[in-house]
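One file, model.pdb, carrying PDB, C-alpha atoms:
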```pdb
ATOM      1  CA  MET A  26      10.713 137.380 -26.776  1.00  0.00           C
ATOM      2  CA  ILE A  27       9.906 136.775 -23.120  1.00  0.00           C
ATOM      3  CA  SER A  28      10.921 133.122 -23.422  1.00  0.00           C
ATOM      4  CA  ASN A  29      14.447 133.930 -24.623  1.00  0.00           C
ATOM      5  CA  LYS A  30      14.941 136.731 -22.100  1.00  0.00           C
ATOM      6  CA  LEU A  31      13.676 134.582 -19.245  1.00  0.00           C
ATOM      7  CA  LYS A  32      16.038 131.731 -20.071  1.00  0.00           C
ATOM      8  CA  ALA A  33      19.012 134.082 -20.530  1.00  0.00           C
ATOM      9  CA  LEU A  34      18.413 135.806 -17.197  1.00  0.00           C
ATOM     10  CA  ARG A  35      17.965 132.500 -15.381  1.00  0.00           C
ATOM     11  CA  LYS A  36      21.287 131.204 -16.707  1.00  0.00           C
ATOM     12  CA  GLU A  37      22.984 134.511 -15.965  1.00  0.00           C
ATOM     13  CA  ARG A  38      21.808 134.216 -12.346  1.00  0.00           C
ATOM     14  CA  LYS A  39      22.957 130.560 -12.328  1.00  0.00           C
ATOM     15  CA  LEU A  40      19.511 129.329 -11.311  1.00  0.00           C
ATOM     16  CA  SER A  41      18.204 125.895 -12.175  1.00  0.00           C
ATOM     17  CA  LEU A  42      14.668 125.391 -13.418  1.00  0.00           C
ATOM     18  CA  GLU A  43      13.839 123.816 -10.069  1.00  0.00           C
ATOM     19  CA  GLU A  44      15.230 126.732  -8.037  1.00  0.00           C
ATOM     20  CA  LEU A  45      13.446 129.393 -10.069  1.00  0.00           C
ATOM     21  CA  ALA A  46      10.215 127.408  -9.843  1.00  0.00           C
ATOM     22  CA  ARG A  47      10.600 127.180  -6.064  1.00  0.00           C
ATOM     23  CA  ARG A  48      11.171 130.922  -5.733  1.00  0.00           C
ATOM     24  CA  ILE A  49       7.995 131.877  -7.578  1.00  0.00           C
ATOM     25  CA  GLY A  50       5.816 129.045  -6.305  1.00  0.00           C
ATOM     26  CA  THR A  51       5.280 126.961  -9.418  1.00  0.00           C
ATOM     27  CA  SER A  52       6.592 123.773 -11.031  1.00  0.00           C
ATOM     28  CA  ARG A  53       9.742 123.061 -13.032  1.00  0.00           C
ATOM     29  CA  GLN A  54       7.547 122.055 -15.968  1.00  0.00           C
ATOM     30  CA  THR A  55       5.803 125.442 -15.943  1.00  0.00           C
ATOM     31  CA  ILE A  56       9.114 127.322 -16.035  1.00  0.00           C
ATOM     32  CA  HIS A  57      10.228 125.105 -18.907  1.00  0.00           C
ATOM     33  CA  ARG A  58       7.010 125.958 -20.793  1.00  0.00           C
ATOM     34  CA  TYR A  59       7.607 129.670 -20.180  1.00  0.00           C
ATOM     35  CA  GLU A  60      11.097 129.332 -21.632  1.00  0.00           C
ATOM     36  CA  ASN A  61      10.159 127.353 -24.725  1.00  0.00           C
ATOM     37  CA  GLY A  62       7.189 129.597 -25.483  1.00  0.00           C
ATOM     38  CA  THR A  63       4.502 126.962 -24.907  1.00  0.00           C
ATOM     39  CA  ILE A  64       2.993 129.319 -22.353  1.00  0.00           C
ATOM     40  CA  SER A  65       3.216 132.902 -23.579  1.00  0.00           C
ATOM     41  CA  ASN A  66       0.403 134.487 -21.585  1.00  0.00           C
ATOM     42  CA  ILE A  67       2.079 134.516 -18.183  1.00  0.00           C
ATOM     43  CA  PRO A  68      -0.200 135.688 -15.325  1.00  0.00           C
ATOM     44  CA  PRO A  69       0.724 139.173 -14.035  1.00  0.00           C
ATOM     45  CA  GLU A  70       1.454 137.942 -10.520  1.00  0.00           C
ATOM     46  CA  LYS A  71       3.881 135.375 -11.920  1.00  0.00           C
ATOM     47  CA  VAL A  72       5.592 138.055 -14.045  1.00  0.00           C
ATOM     48  CA  GLU A  73       6.146 140.099 -10.889  1.00  0.00           C
ATOM     49  CA  ARG A  74       7.566 137.117  -8.997  1.00  0.00           C
ATOM     50  CA  LEU A  75       9.797 136.139 -11.923  1.00  0.00           C
ATOM     51  CA  ALA A  76      11.157 139.673 -12.162  1.00  0.00           C
ATOM     52  CA  THR A  77      11.905 139.761  -8.436  1.00  0.00           C
ATOM     53  CA  ALA A  78      13.614 136.358  -8.506  1.00  0.00           C
ATOM     54  CA  LEU A  79      15.735 137.372 -11.510  1.00  0.00           C
ATOM     55  CA  GLY A  80      16.738 140.780 -10.189  1.00  0.00           C
ATOM     56  CA  THR A  81      14.913 142.853 -12.781  1.00  0.00           C
ATOM     57  CA  THR A  82      11.579 144.605 -13.257  1.00  0.00           C
ATOM     58  CA  PRO A  83       8.392 143.318 -14.907  1.00  0.00           C
ATOM     59  CA  SER A  84       8.786 145.966 -17.625  1.00  0.00           C
ATOM     60  CA  ALA A  85      12.333 144.915 -18.437  1.00  0.00           C
ATOM     61  CA  LEU A  86      11.472 141.221 -18.350  1.00  0.00           C
ATOM     62  CA  MET A  87       8.460 141.579 -20.631  1.00  0.00           C
ATOM     63  CA  GLY A  88      10.102 144.111 -22.938  1.00  0.00           C
ATOM     64  CA  TRP A  89       7.412 146.729 -22.404  1.00  0.00           C
ATOM     65  CA  GLY A  90       8.469 149.996 -23.967  1.00  0.00           C
ATOM     66  CA  GLU A  91      11.412 148.539 -25.894  1.00  0.00           C
ATOM     67  CA  ASP A  92       9.922 149.617 -29.231  1.00  0.00           C
ATOM     68  CA  TYR A  93       9.870 153.265 -28.226  1.00  0.00           C
ATOM     69  CA  GLU A  94      12.871 155.491 -28.827  1.00  0.00           C
ATOM     70  CA  GLY A  95      14.111 157.590 -25.955  1.00  0.00           C
ATOM     71  CA  VAL A  96      12.888 155.188 -23.251  1.00  0.00           C
ATOM     72  CA  LEU A  97      15.558 155.039 -20.592  1.00  0.00           C
ATOM     73  CA  PRO A  98      16.435 151.690 -19.039  1.00  0.00           C
ATOM     74  CA  ILE A  99      15.237 151.328 -15.469  1.00  0.00           C
ATOM     75  CA  SER A 100      18.031 150.849 -12.922  1.00  0.00           C
ATOM     76  CA  VAL A 101      17.091 148.687  -9.991  1.00  0.00           C
ATOM     77  CA  LYS A 102      18.462 147.575  -6.662  1.00  0.00           C
ATOM     78  CA  ARG A 103      17.870 144.590  -4.424  1.00  0.00           C
ATOM     79  CA  LEU A 104      16.558 145.037  -0.916  1.00  0.00           C
ATOM     80  CA  PRO A 105      16.467 142.294   1.720  1.00  0.00           C
ATOM     81  CA  ILE A 106      13.117 141.293   3.177  1.00  0.00           C
ATOM     82  CA  LEU A 107      12.927 141.289   6.950  1.00  0.00           C
ATOM     83  CA  GLY A 108      12.940 137.646   7.955  1.00  0.00           C
ATOM     84  CA  GLU A 109      12.761 137.257  11.713  1.00  0.00           C
ATOM     85  CA  ILE A 110      13.011 139.194  14.957  1.00  0.00           C
ATOM     86  CA  ALA A 111      15.326 137.783  17.616  1.00  0.00           C
ATOM     87  CA  CYS A 112      15.874 139.457  20.990  1.00  0.00           C
ATOM     88  CA  GLY A 113      14.505 142.687  19.616  1.00  0.00           C
ATOM     89  CA  GLU A 114      16.890 142.787  16.661  1.00  0.00           C
ATOM     90  CA  PRO A 115      15.808 142.278  13.034  1.00  0.00           C
ATOM     91  CA  ILE A 116      17.284 139.443  10.990  1.00  0.00           C
ATOM     92  CA  TYR A 117      17.234 139.965   7.244  1.00  0.00           C
ATOM     93  CA  ALA A 118      16.840 137.057   4.873  1.00  0.00           C
ATOM     94  CA  SER A 119      19.721 136.507   2.467  1.00  0.00           C
ATOM     95  CA  GLU A 120      19.671 136.792  -1.302  1.00  0.00           C
ATOM     96  CA  GLU A 121      20.680 133.140  -1.422  1.00  0.00           C
ATOM     97  CA  SER A 122      17.290 132.242   0.053  1.00  0.00           C
ATOM     98  CA  GLY A 123      15.546 134.305  -2.586  1.00  0.00           C
ATOM     99  CA  SER A 124      14.014 136.543   0.088  1.00  0.00           C
ATOM    100  CA  PHE A 125      14.734 139.912  -1.407  1.00  0.00           C
ATOM    101  CA  CYS A 126      12.792 142.422  -3.450  1.00  0.00           C
ATOM    102  CA  VAL A 127      13.675 144.508  -6.477  1.00  0.00           C
ATOM    103  CA  ALA A 128      12.926 148.236  -6.463  1.00  0.00           C
ATOM    104  CA  ASP A 129      13.719 151.178  -8.711  1.00  0.00           C
ATOM    105  CA  SER A 130      17.014 152.710  -7.655  1.00  0.00           C
ATOM    106  CA  ASP A 131      15.329 155.993  -6.714  1.00  0.00           C
ATOM    107  CA  VAL A 132      13.337 154.326  -3.917  1.00  0.00           C
ATOM    108  CA  ASP A 133      15.065 155.545  -0.753  1.00  0.00           C
ATOM    109  CA  ALA A 134      14.760 152.338   1.250  1.00  0.00           C
ATOM    110  CA  ASP A 135      17.088 149.929   3.039  1.00  0.00           C
ATOM    111  CA  PHE A 136      14.925 146.837   3.471  1.00  0.00           C
ATOM    112  CA  CYS A 137      11.437 145.471   2.918  1.00  0.00           C
ATOM    113  CA  LEU A 138       8.704 144.115   5.123  1.00  0.00           C
ATOM    114  CA  ARG A 139       5.918 141.836   3.935  1.00  0.00           C
ATOM    115  CA  ALA A 140       2.606 143.053   5.340  1.00  0.00           C
ATOM    116  CA  HIS A 141       0.424 140.576   7.218  1.00  0.00           C
ATOM    117  CA  GLY A 142      -3.241 140.986   7.975  1.00  0.00           C
ATOM    118  CA  ASP A 143      -5.652 143.803   7.175  1.00  0.00           C
ATOM    119  CA  SER A 144      -4.871 146.400   9.852  1.00  0.00           C
ATOM    120  CA  MET A 145      -3.445 148.906   7.318  1.00  0.00           C
ATOM    121  CA  ILE A 146      -5.931 148.626   4.464  1.00  0.00           C
ATOM    122  CA  GLY A 147      -6.977 152.260   4.941  1.00  0.00           C
ATOM    123  CA  ALA A 148      -3.478 153.186   3.761  1.00  0.00           C
ATOM    124  CA  ARG A 149      -3.927 150.797   0.786  1.00  0.00           C
ATOM    125  CA  ILE A 150      -1.496 148.297   2.316  1.00  0.00           C
ATOM    126  CA  TYR A 151      -2.952 144.800   2.067  1.00  0.00           C
ATOM    127  CA  ASP A 152      -1.986 141.353   3.284  1.00  0.00           C
ATOM    128  CA  GLY A 153       1.031 140.130   1.324  1.00  0.00           C
ATOM    129  CA  ASP A 154       2.087 143.551   0.029  1.00  0.00           C
ATOM    130  CA  ILE A 155       5.761 144.480   0.105  1.00  0.00           C
ATOM    131  CA  VAL A 156       6.497 147.684   2.050  1.00  0.00           C
ATOM    132  CA  PHE A 157       9.788 149.495   1.483  1.00  0.00           C
ATOM    133  CA  ILE A 158      11.370 150.773   4.689  1.00  0.00           C
ATOM    134  CA  ARG A 159      14.083 153.389   5.231  1.00  0.00           C
ATOM    135  CA  SER A 160      16.101 152.556   8.349  1.00  0.00           C
ATOM    136  CA  GLN A 161      15.703 155.097  11.155  1.00  0.00           C
ATOM    137  CA  ASP A 162      15.032 154.876  14.874  1.00  0.00           C
ATOM    138  CA  SER A 163      12.377 157.591  15.015  1.00  0.00           C
ATOM    139  CA  ALA A 164       9.568 158.958  12.880  1.00  0.00           C
ATOM    140  CA  ASP A 165       7.288 161.976  12.810  1.00  0.00           C
ATOM    141  CA  ASN A 166       3.750 161.806  14.117  1.00  0.00           C
ATOM    142  CA  GLY A 167       1.482 160.476  11.399  1.00  0.00           C
ATOM    143  CA  ASP A 168       4.240 158.490   9.654  1.00  0.00           C
ATOM    144  CA  ILE A 169       3.740 154.800   8.958  1.00  0.00           C
ATOM    145  CA  ALA A 170       6.639 153.015  10.600  1.00  0.00           C
ATOM    146  CA  ALA A 171       8.000 149.522  11.071  1.00  0.00           C
ATOM    147  CA  VAL A 172       7.999 148.874  14.796  1.00  0.00           C
ATOM    148  CA  ILE A 173       9.349 145.971  16.795  1.00  0.00           C
ATOM    149  CA  ILE A 174       7.195 144.904  19.725  1.00  0.00           C
ATOM    150  CA  GLY A 175       8.898 142.097  21.617  1.00  0.00           C
ATOM    151  CA  ASP A 176       9.823 139.565  18.939  1.00  0.00           C
ATOM    152  CA  GLU A 177       7.425 140.762  16.245  1.00  0.00           C
ATOM    153  CA  ALA A 178       7.508 143.527  13.650  1.00  0.00           C
ATOM    154  CA  THR A 179       4.390 145.484  12.796  1.00  0.00           C
ATOM    155  CA  LEU A 180       3.422 148.376  10.531  1.00  0.00           C
ATOM    156  CA  LYS A 181       1.446 151.127  12.194  1.00  0.00           C
ATOM    157  CA  ARG A 182       0.924 154.882  12.015  1.00  0.00           C
ATOM    158  CA  ILE A 183       2.732 156.347  15.004  1.00  0.00           C
ATOM    159  CA  TYR A 184       1.952 159.205  17.368  1.00  0.00           C
ATOM    160  CA  TYR A 185       4.485 159.949  20.127  1.00  0.00           C
ATOM    161  CA  TYR A 186       3.886 162.368  22.993  1.00  0.00           C
ATOM    162  CA  PRO A 187       7.146 162.652  24.972  1.00  0.00           C
ATOM    163  CA  GLU A 188       5.729 165.031  27.583  1.00  0.00           C
ATOM    164  CA  GLU A 189       3.227 162.321  28.523  1.00  0.00           C
ATOM    165  CA  GLY A 190       5.560 159.397  27.908  1.00  0.00           C
ATOM    166  CA  LYS A 191       2.959 157.964  25.550  1.00  0.00           C
ATOM    167  CA  LEU A 192       3.226 156.202  22.184  1.00  0.00           C
ATOM    168  CA  ILE A 193       0.165 155.343  20.097  1.00  0.00           C
ATOM    169  CA  LEU A 194       0.439 152.807  17.286  1.00  0.00           C
ATOM    170  CA  SER A 195      -2.630 153.383  15.172  1.00  0.00           C
ATOM    171  CA  PRO A 196      -3.993 150.927  12.602  1.00  0.00           C
ATOM    172  CA  GLU A 197      -5.683 152.044   9.389  1.00  0.00           C
ATOM    173  CA  ASN A 198      -8.747 149.867   9.833  1.00  0.00           C
ATOM    174  CA  PRO A 199     -11.654 150.808  12.130  1.00  0.00           C
ATOM    175  CA  ARG A 200     -12.016 147.164  13.131  1.00  0.00           C
ATOM    176  CA  TYR A 201      -8.853 147.460  15.222  1.00  0.00           C
ATOM    177  CA  ALA A 202      -8.180 149.632  18.253  1.00  0.00           C
ATOM    178  CA  PRO A 203      -4.976 151.690  18.568  1.00  0.00           C
ATOM    179  CA  LEU A 204      -2.191 150.229  20.665  1.00  0.00           C
ATOM    180  CA  VAL A 205      -1.198 152.575  23.487  1.00  0.00           C
ATOM    181  CA  TYR A 206       2.078 152.294  25.400  1.00  0.00           C
ATOM    182  CA  MET A 207       2.973 154.401  28.427  1.00  0.00           C
ATOM    183  CA  LYS A 208       6.245 155.239  30.164  1.00  0.00           C
ATOM    184  CA  ASP A 209       8.153 152.050  31.085  1.00  0.00           C
ATOM    185  CA  GLU A 210       6.210 150.102  28.467  1.00  0.00           C
ATOM    186  CA  LEU A 211       8.079 152.104  25.820  1.00  0.00           C
ATOM    187  CA  ASN A 212      11.229 150.131  26.678  1.00  0.00           C
ATOM    188  CA  SER A 213       9.782 147.155  24.794  1.00  0.00           C
ATOM    189  CA  ILE A 214       9.090 149.206  21.637  1.00  0.00           C
ATOM    190  CA  LYS A 215      11.663 149.902  18.941  1.00  0.00           C
ATOM    191  CA  ILE A 216      11.136 151.848  15.715  1.00  0.00           C
ATOM    192  CA  ILE A 217      13.326 150.389  12.973  1.00  0.00           C
ATOM    193  CA  GLY A 218      12.259 152.445   9.978  1.00  0.00           C
ATOM    194  CA  LYS A 219       9.789 154.586   8.095  1.00  0.00           C
ATOM    195  CA  ALA A 220       7.606 153.228   5.287  1.00  0.00           C
ATOM    196  CA  VAL A 221       8.461 155.117   2.094  1.00  0.00           C
ATOM    197  CA  ALA A 222       6.704 153.050  -0.589  1.00  0.00           C
ATOM    198  CA  PHE A 223       4.824 149.818  -1.100  1.00  0.00           C
ATOM    199  CA  GLN A 224       4.295 147.258  -3.833  1.00  0.00           C
ATOM    200  CA  SER A 225       0.884 145.684  -4.203  1.00  0.00           C
ATOM    201  CA  ARG A 226      -0.063 142.577  -6.068  1.00  0.00           C
ATOM    202  CA  ILE A 227      -2.654 142.803  -8.813  1.00  0.00           C
ATOM    203  CA  ARG A 228      -5.989 141.995  -7.161  1.00  0.00           C
TER     204      ARG A 228
END
```
Now that the file is in, can you turn its structure into structure tokens?
Amino acid sequence: MISNKLKALRKERKLSLEELARRIGTSRQTIHRYENGTISNIPPEKVERLATALGTTPSALMGWGEDYEGVLPISVKRLPILGEIACGEPIYASEESGSFCVADSDVDADFCLRAHGDSMIGARIYDGDIVFIRSQDSADNGDIAAVIIGDEATLKRIYYYPEEGKLILSPENPRYAPLVYMKDELNSIKIIGKAVAFQSRIR
């Protein structure tokens, strides 16, 4: 049952009811009701947040597929979520703060970035989505990359023309114009990784 598995995982992770509630944005009383089975129909978005907080997957937490023989267990890994940018260098939030994401182990990523705004909706990346990033300091034209501009990180499709000394950061929403940087302006731009996957909330 989800209630028993939830309680066992919480204790295994040494999390109090209050801490788990804080991590998923609900109350201690709600977590207690999940664990004693009073609430059995947990909203999908809460299942996803619970799985992330407990270092597992929604499928494993809910027991989906457990009745079928030959289903292999999913191995997962934790990836830090980019917290802040200071002096052009990324600062990753710690697992102690709960700011990490769980991904299947075959996702070739090093960290995550939470998307803000609607500039990449044409690539099906929406506000609040988690984007998995593989660390690298360059990317091919047409790739979606995580780019630091000053003290902010942004996701954009990149086009670099070295012979012209020009970099174009293109959004995936016609409401926004591409950002164009030339020559010396490129000194303030830093590519920190390529987007390799994303995780959307149920909408």
When the PyMOL selection byres ((chain A and resi 204-214) around 12) is applied to the structure above, which residues does it catch, written out as a CSV table (one decimal) with C-alpha atoms, keeping the file's coordinate frame?
```csv
chain,number,residue,atom,x,y,z
A,112,CYS,CA,15.9,139.5,21.0
A,113,GLY,CA,14.5,142.7,19.6
A,114,GLU,CA,16.9,142.8,16.7
A,144,SER,CA,-4.9,146.4,9.9
A,162,ASP,CA,15.0,154.9,14.9
A,163,SER,CA,12.4,157.6,15.0
A,170,ALA,CA,6.6,153.0,10.6
A,171,ALA,CA,8.0,149.5,11.1
A,172,VAL,CA,8.0,148.9,14.8
A,173,ILE,CA,9.3,146.0,16.8
A,174,ILE,CA,7.2,144.9,19.7
A,175,GLY,CA,8.9,142.1,21.6
A,176,ASP,CA,9.8,139.6,18.9
A,177,GLU,CA,7.4,140.8,16.2
A,178,ALA,CA,7.5,143.5,13.6
A,179,THR,CA,4.4,145.5,12.8
A,180,LEU,CA,3.4,148.4,10.5
A,181,LYS,CA,1.4,151.1,12.2
A,182,ARG,CA,0.9,154.9,12.0
A,183,ILE,CA,2.7,156.3,15.0
A,184,TYR,CA,2.0,159.2,17.4
A,185,TYR,CA,4.5,159.9,20.1
A,186,TYR,CA,3.9,162.4,23.0
A,187,PRO,CA,7.1,162.7,25.0
A,188,GLU,CA,5.7,165.0,27.6
A,189,GLU,CA,3.2,162.3,28.5
A,190,GLY,CA,5.6,159.4,27.9
A,191,LYS,CA,3.0,158.0,25.6
A,192,LEU,CA,3.2,156.2,22.2
A,193,ILE,CA,0.2,155.3,20.1
A,194,LEU,CA,0.4,152.8,17.3
A,195,SER,CA,-2.6,153.4,15.2
A,196,PRO,CA,-4.0,150.9,12.6
A,197,GLU,CA,-5.7,152.0,9.4
A,201,TYR,CA,-8.9,147.5,15.2
A,202,ALA,CA,-8.2,149.6,18.3
A,203,PRO,CA,-5.0,151.7,18.6
A,215,LYS,CA,11.7,149.9,18.9
A,216,ILE,CA,11.1,151.8,15.7
A,217,ILE,CA,13.3,150.4,13.0
```
| field | the PyMOL selection byres ((chain A and resi 223) around 8) resolved against shown file, as a PyMOL selection string | value | chain A and resi 150+154-157+220-222+224-225
| field | Selection near segment 54-62 of chain A, 12 Å with all atoms listed in the file, sequence-local residues under 3 positions removed, as an NGL selection string | value | :A and (26-36 or 40-51 or 65-68 or 71-72 or 75 or 87)
Those same residues - C-alpha atoms - I'd like them written as a compact mmCIF listing (two decimals), in the coordinates of the input.
```
# COMPACT_ATOMS: atom_id res chain seq x y z
CA MET A 26 10.71 137.38 -26.78
CA ILE A 27 9.91 136.78 -23.12
CA SER A 28 10.92 133.12 -23.42
CA ASN A 29 14.45 133.93 -24.62
CA LYS A 30 14.94 136.73 -22.10
CA LEU A 31 13.68 134.58 -19.24
CA LYS A 32 16.04 131.73 -20.07
CA ALA A 33 19.01 134.08 -20.53
CA LEU A 34 18.41 135.81 -17.20
CA ARG A 35 17.96 132.50 -15.38
CA LYS A 36 21.29 131.20 -16.71
CA LEU A 40 19.51 129.33 -11.31
CA SER A 41 18.20 125.90 -12.18
CA LEU A 42 14.67 125.39 -13.42
CA GLU A 43 13.84 123.82 -10.07
CA GLU A 44 15.23 126.73 -8.04
CA LEU A 45 13.45 129.39 -10.07
CA ALA A 46 10.22 127.41 -9.84
CA ARG A 47 10.60 127.18 -6.06
CA ARG A 48 11.17 130.92 -5.73
CA ILE A 49 8.00 131.88 -7.58
CA GLY A 50 5.82 129.04 -6.30
CA THR A 51 5.28 126.96 -9.42
CA SER A 65 3.22 132.90 -23.58
CA ASN A 66 0.40 134.49 -21.58
CA ILE A 67 2.08 134.52 -18.18
CA PRO A 68 -0.20 135.69 -15.32
CA LYS A 71 3.88 135.38 -11.92
CA VAL A 72 5.59 138.06 -14.04
CA LEU A 75 9.80 136.14 -11.92
CA MET A 87 8.46 141.58 -20.63
```
| request: For each of A:Ser130, A:Gln161, A:Asn166, A:Asn198, take the minimum atom-to-atom distance to Arg149 of chain A, counting all atoms listed in the file, then give the residue where this is smallest. | output: A:Asn198
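Across the structure, atom CA of Asp168 of chain A and atom CA of Gly218 of chain A are spaced 10.0 Å apart.
Separating atom CA of Asp133 of chain A from atom CA of Gly80 of chain A is a distance of 17.6 Å.
Atom pair atom CA of Pro69 of chain A / atom CA of Asp143 of chain A has a distance of 22.6 Å (rounded to one decimal).
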Could you put an axis-aligned box around every listed atom of segment 64-72 of chain A, padded by 8 Å on each side, and send me its centre and edge lengths in Å to one decimal, as lines of an AutoDock Vina configuration file?
```
center_x = 2.7
center_y = 134.2
center_z = -17.0
size_x = 21.8
size_y = 25.9
size_z = 29.1
```
Ref. answer, residues at most 9 Å from (9.3, 141.4, -13.0) with all atoms listed in the file, as an mmCIF file with C-alpha atoms, in the coordinates of the input:
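Here's the written file point_9.cif:
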```cif
data_model
loop_
_atom_site.group_PDB
_atom_site.id
_atom_site.type_symbol
_atom_site.label_atom_id
_atom_site.label_comp_id
_atom_site.auth_asym_id
_atom_site.auth_seq_id
_atom_site.Cartn_x
_atom_site.Cartn_y
_atom_site.Cartn_z
ATOM 1 C CA PRO A 69 0.724 139.173 -14.035
ATOM 2 C CA GLU A 70 1.454 137.942 -10.520
ATOM 3 C CA LYS A 71 3.881 135.375 -11.920
ATOM 4 C CA VAL A 72 5.592 138.055 -14.045
ATOM 5 C CA GLU A 73 6.146 140.099 -10.889
ATOM 6 C CA ARG A 74 7.566 137.117 -8.997
ATOM 7 C CA LEU A 75 9.797 136.139 -11.923
ATOM 8 C CA ALA A 76 11.157 139.673 -12.162
ATOM 9 C CA THR A 77 11.905 139.761 -8.436
ATOM 10 C CA ALA A 78 13.614 136.358 -8.506
ATOM 11 C CA LEU A 79 15.735 137.372 -11.510
ATOM 12 C CA GLY A 80 16.738 140.780 -10.189
ATOM 13 C CA THR A 81 14.913 142.853 -12.781
ATOM 14 C CA THR A 82 11.579 144.605 -13.257
ATOM 15 C CA PRO A 83 8.392 143.318 -14.907
ATOM 16 C CA SER A 84 8.786 145.966 -17.625
ATOM 17 C CA ALA A 85 12.333 144.915 -18.437
ATOM 18 C CA LEU A 86 11.472 141.221 -18.350
ATOM 19 C CA MET A 87 8.460 141.579 -20.631
ATOM 20 C CA VAL A 127 13.675 144.508 -6.477
#
```
